[in-house]
Structure formats: structure tokens, C-alpha cells
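What follows is a short report on a single structure.
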Amino acid sequence: MLKFLGRNTITAALVISGYFGMLLYGLSHMHKLRIEPIRKGFYRQIYFSGNQALHIIGFIGLLLGVIVSTQTFSVAGGDSSLVVKVMAWVIVWEIGPLFAAIIIIARSGSAIAVELAQMQVSGEIYSLEQMAIDPLDYLVVPRILGVSISVVALTAYFQIVAVVGGLAVSSMFMNVAFFDQVDRFLELVNPWLLLGGVMKSLVFGFVIATIACYHGISAGTSASVVPQAAIKAVIRAMLAVFTLDILFAVLRLI
């Protein structure tokens with residue numbers, strides 16, 4: 001039993017160190033974006049992770065904004081100030097970054113892991129090495145940076161749609177002018193709250209992309225590793241994001 005636990009602990013430590021190593025590599029090689037093929041990969045990743053997810057993010061953001069607003073109204077009654085406070089703290093700080101991260105994990109995290117694992121199985125990564133092209137520069141750097149920027153942008157879009165939709169619904173229920181609700185919201189949202197939301201989403205983006213790239217690029221050469229890489233990327237990215245979300249909540253209370 002102890003031997004089993006010790007082996008698992010060592011394996012987990014090696015994987016986590018691999019995550020950190022890949023993330024540091026990606027951040028320290030940002031200058032590689034000056035190379036045109038790598039820069040094009042960066043743009044493609046932003047398009048896939050960010051632009052193609054706008055409709056999903058917008059729809060879910062609108063639904064959640066309405067849900068938070070109506071549920072707060074049902075509890076608080078006619079207290080419009082409470083609705084605005086809940087929208088400011090819950091949407092901007094908590095739900096926005098978290099839901100954007102979950103959607104990116106489901107769409108981009110799994111796709112990146114499958115794509116890189118498939119390239120490993122088909123020998124494409126080996127071919128890049130034979131041509132003296134560093135696979136980490138060509139495949140990992142643009143994905144880490146592209147996904148991270150996409151998460152930040154999608155989080156901001158989610159927050160705007162959710163807040164506008166929620167405040168519009170609350171103004172209808174409470175017979176309060178919509179722009180009065182917006183003014184109250186803007187008074188509550190300070191720059192530190194916005195900066196905190198941006199930092200959370202950026203960290204989430206780095207973690208999601210790094211975990212997906214790691215499990216894709218480190219996959220074996222048999223066909224069975226492709227779905228395994230996707231499963232590991234999704235589950236471990238989810239665990240990492242929720243763990244980080246708890247840490248951010250603790251830091252906010254300190």
C-alpha cells in the first residue's frame with residue numbers, strides 16, 4: 001500500500017513539474033511569435049478558441065445573467081441594490097472567469113490534446129524534429145499564448161453579456177430604470193475587482209493550455225493514447241481550475 005502511494009506521489013510530482021516546465025518554456029519563448037509560421041499558428045488558435053466560441057459564451061452568459069438576477073430578486077424582493085451587488089461580485093469575480101474556463105476546457109483543451117496526440121501517433125512530431133524544427137516552439141508556444149488570450153477575451157465578453165442581460169431583467173421586475181442599474185453597477189465595480197477577474201482568467205488560460213499541450217505532446221505512439229490524452233487533459237484541467245478558483249477565493253478573504 002505504501003509502495004503504491006509512494007509511486008503515485010512520485011508520478012504526480014513528475015507530471016506537475018512537467019506542467020511547470022512546459023508553461024515556463026512557453027512564456028520564455030514568446031519571442032518565437034516573430035517567426036511567421038508560429039505567428040500564424042497563434043492567430044489560428046485565437047480564432048478557434050476565441051472567435052468560434054463567442055456564440056456559446058454569449059448564450060450561456062445571457063442565461064446565467066438572467067438566472068442570477070431573477071434568483072436574487074426572488075430572495076431579496078424589491079432590493080435592487082442587492083441585485084446589483086450580486087451581479088458585480090458573482091459575475092465579474094466568480095462566474096465569468098470560471099465558466100469561460102470550463103467552456104475552453106471542453107472545446108479547446110480536449111481538441112489540443114487530441115490534435116497533438118494524433119500528431120505524435122502519425123509521426124508528424126518526429127518529422128518536425130528531423131527537419132530541425134522544435135515541436136515546442138512550433139506547436140506549444142502559439143497554443144499556450146493563444147488560449148490564454150482567448151480565455152481573457154471570452155471572460156470579458158461573458159461578463160458584459162451576463163451583466164447587461166441580468167440588469168435589464170432586474171430593471172423590468174423592479175420598475176427601475178436600466179441605466180440607473182448600470183450606474184449603480186459601475187459605482188460598485190472598482191478597478192481592483194476588474195483586474196482580479198482578468199488575472200484569474202489569464203491564470204486559468206495558462207493552466208488549461210499547458211495541461212492540454214503536455215498530455216498531447218507526451219502521448220505515446222499507439223492509437224489508444226489519443227482518447228486517453230483528451231480525458232487526462234479535460235479532467236486534470238478541470239481539477240486545476242477549480243483548485244485555483246478556491247485559492248483565489250481564499251486570497252480574497254485574507
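Ordering of the C-alpha cells sets the chain letters (A, B, ...), residue numbers begin anew at 1 in every chain, and ligands are numbered from 1 in the order given.
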Using DSSP on the backbone coordinates, identify all residues within region 35-172 of chain A classified as alpha helix (DSSP H); present the result as a VMD selection string. chain A and resid 36 to 49 54 to 76 80 to 86 96 to 104 110 to 122 124 to 130 135 141 to 172
Keeping only C-alpha atoms, write the selected residues to a file as a compact mmCIF listing (two decimals), in the first residue's frame.
# COMPACT_ATOMS: atom_id res chain seq x y z
CA GLU A 36 5.72 33.77 -39.37
CA PRO A 37 4.57 30.09 -39.24
CA ILE A 38 4.46 30.23 -35.43
CA ARG A 39 2.64 33.55 -35.52
CA LYS A 40 0.06 32.09 -37.91
CA GLY A 41 -0.46 29.19 -35.51
CA PHE A 42 -1.02 31.73 -32.75
CA TYR A 43 -3.68 33.53 -34.81
CA ARG A 44 -5.38 30.24 -35.71
CA GLN A 45 -5.54 29.26 -32.05
CA ILE A 46 -7.14 32.58 -31.10
CA TYR A 47 -9.67 32.15 -33.91
CA PHE A 48 -10.56 28.61 -32.85
CA SER A 49 -10.55 29.14 -29.08
CA LEU A 54 -18.36 33.64 -28.94
CA HIS A 55 -21.89 32.41 -29.63
CA ILE A 56 -21.67 29.75 -26.92
CA ILE A 57 -20.21 32.16 -24.39
CA GLY A 58 -22.77 34.82 -25.24
CA PHE A 59 -25.74 32.46 -24.93
CA ILE A 60 -24.58 30.96 -21.63
CA GLY A 61 -23.63 34.40 -20.28
CA LEU A 62 -27.09 35.75 -21.05
CA LEU A 63 -28.79 32.77 -19.43
CA LEU A 64 -26.68 32.95 -16.28
CA GLY A 65 -27.09 36.70 -16.00
CA VAL A 66 -30.88 36.30 -16.13
CA ILE A 67 -30.79 33.39 -13.67
CA VAL A 68 -28.64 35.25 -11.13
CA SER A 69 -30.82 38.34 -11.44
CA THR A 70 -34.16 36.53 -11.10
CA GLN A 71 -32.98 34.30 -8.25
CA THR A 72 -31.62 37.29 -6.35
CA PHE A 73 -34.90 39.12 -6.96
CA SER A 74 -36.87 36.16 -5.61
CA VAL A 75 -34.80 36.21 -2.40
CA ALA A 76 -34.31 39.95 -1.92
CA SER A 80 -32.44 46.48 -6.43
CA SER A 81 -29.15 47.43 -4.78
CA LEU A 82 -28.61 43.84 -3.68
CA VAL A 83 -29.18 42.59 -7.20
CA VAL A 84 -26.52 44.98 -8.47
CA LYS A 85 -24.06 43.89 -5.76
CA VAL A 86 -24.60 40.21 -6.54
CA GLY A 96 -17.28 34.90 -15.51
CA PRO A 97 -13.73 33.52 -15.34
CA LEU A 98 -14.89 30.08 -14.18
CA PHE A 99 -17.46 29.44 -16.89
CA ALA A 100 -15.24 30.80 -19.65
CA ALA A 101 -12.51 28.42 -18.46
CA ILE A 102 -14.90 25.44 -18.40
CA ILE A 103 -16.06 26.13 -21.96
CA ILE A 104 -12.47 26.49 -23.18
CA SER A 110 -9.70 18.43 -25.49
CA ALA A 111 -9.10 19.44 -29.11
CA ILE A 112 -5.49 20.46 -28.47
CA ALA A 113 -4.73 17.24 -26.62
CA VAL A 114 -6.29 15.11 -29.38
CA GLU A 115 -4.54 17.05 -32.15
CA LEU A 116 -1.09 16.83 -30.60
CA ALA A 117 -1.52 13.19 -29.59
CA GLN A 118 -2.62 12.35 -33.13
CA MET A 119 0.45 14.12 -34.49
CA GLN A 120 2.57 12.05 -32.14
CA VAL A 121 0.92 8.82 -33.29
CA SER A 122 1.22 9.67 -37.00
CA GLU A 124 4.42 14.31 -37.54
CA ILE A 125 6.21 15.48 -34.40
CA TYR A 126 9.13 13.19 -35.21
CA SER A 127 9.20 14.64 -38.72
CA LEU A 128 9.42 18.17 -37.30
CA GLU A 129 12.39 17.12 -35.18
CA GLN A 130 14.05 15.57 -38.24
CA PRO A 135 7.98 20.97 -31.76
CA VAL A 141 4.11 28.21 -27.71
CA PRO A 142 1.32 29.51 -30.02
CA ARG A 143 -1.27 27.33 -28.29
CA ILE A 144 -0.38 28.39 -24.76
CA LEU A 145 -0.41 32.08 -25.65
CA GLY A 146 -3.42 31.86 -27.96
CA VAL A 147 -5.61 30.00 -25.46
CA SER A 148 -4.63 32.34 -22.62
CA ILE A 149 -5.56 35.46 -24.57
CA SER A 150 -8.79 33.80 -25.70
CA VAL A 151 -9.83 32.99 -22.13
CA VAL A 152 -9.27 36.62 -21.06
CA ALA A 153 -11.27 37.95 -24.03
CA LEU A 154 -14.09 35.43 -23.63
CA THR A 155 -14.31 36.16 -19.91
CA ALA A 156 -14.76 39.87 -20.59
CA TYR A 157 -17.39 39.12 -23.24
CA PHE A 158 -19.20 36.73 -20.89
CA GLN A 159 -19.21 39.32 -18.11
CA ILE A 160 -20.59 42.07 -20.34
CA VAL A 161 -23.39 39.92 -21.75
CA ALA A 162 -24.31 38.46 -18.34
CA VAL A 163 -24.32 41.82 -16.56
CA VAL A 164 -26.26 43.65 -19.26
CA GLY A 165 -28.80 40.84 -19.54
CA GLY A 166 -29.17 40.49 -15.77
CA LEU A 167 -29.55 44.21 -15.14
CA ALA A 168 -32.06 44.52 -17.97
CA VAL A 169 -34.23 41.78 -16.47
CA SER A 170 -33.92 43.19 -12.93
CA SER A 171 -34.97 46.64 -14.14
CA MET A 172 -38.09 45.11 -15.68
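Among the candidates A:Gly21, A:Gly109, A:Gly196, A:Pro191, the residue lying nearest to Ala230 (chain A) is A:Gly109 (atoms considered: only C-alpha atoms).
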Quick check, in Å to one decimal: how far apart do CA of Ala132 (chain A) and CA of Ser224 (chain A) lie?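 Between CA of Ala132 (chain A) and CA of Ser224 (chain A) the gap is 27.9 Å.
Here CA of Ile208 (chain A) stands at a distance of 5.4 Å from CA of Ala237 (chain A).
Remark: for Leu244 (chain A), the closest of the candidate residues A:Ile35, A:Val207, A:Leu23, A:Ala223 is A:Val207 (distances computed over only C-alpha atoms).
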May I have the residues within 8 Å of Trp93 (chain A) as a PyMOL selection string, using only C-alpha atoms and disregarding those fewer than 5 positions away in the same chain? chain A and resi 88+193-194+196-197
Next, write the just-selected residues to a file, as a PDB file, in the first residue's frame, keeping C-alpha atoms as the atom set.
ATOM      1  CA  ALA A  88     -20.916  42.778  -9.581  1.00  0.00           C
ATOM      2  CA  LEU A 193     -12.206  43.846  -8.991  1.00  0.00           C
ATOM      3  CA  LEU A 194     -11.804  44.042 -12.770  1.00  0.00           C
ATOM      4  CA  GLY A 196      -8.730  40.399 -10.293  1.00  0.00           C
ATOM      5  CA  GLY A 197     -11.098  38.935 -12.876  1.00  0.00           C
TER       6      GLY A 197
END
re CA of Tyr138 (chain A) and CA of Phe20 (chain A): distance 18.6 Å
Measuring between only C-alpha atoms, which one of A:Leu14, A:Val198, A:Ile105, A:Val241 shows the shortest distance to Val92 (chain A)?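 The closest residue to Val92 (chain A) is A:Val198.
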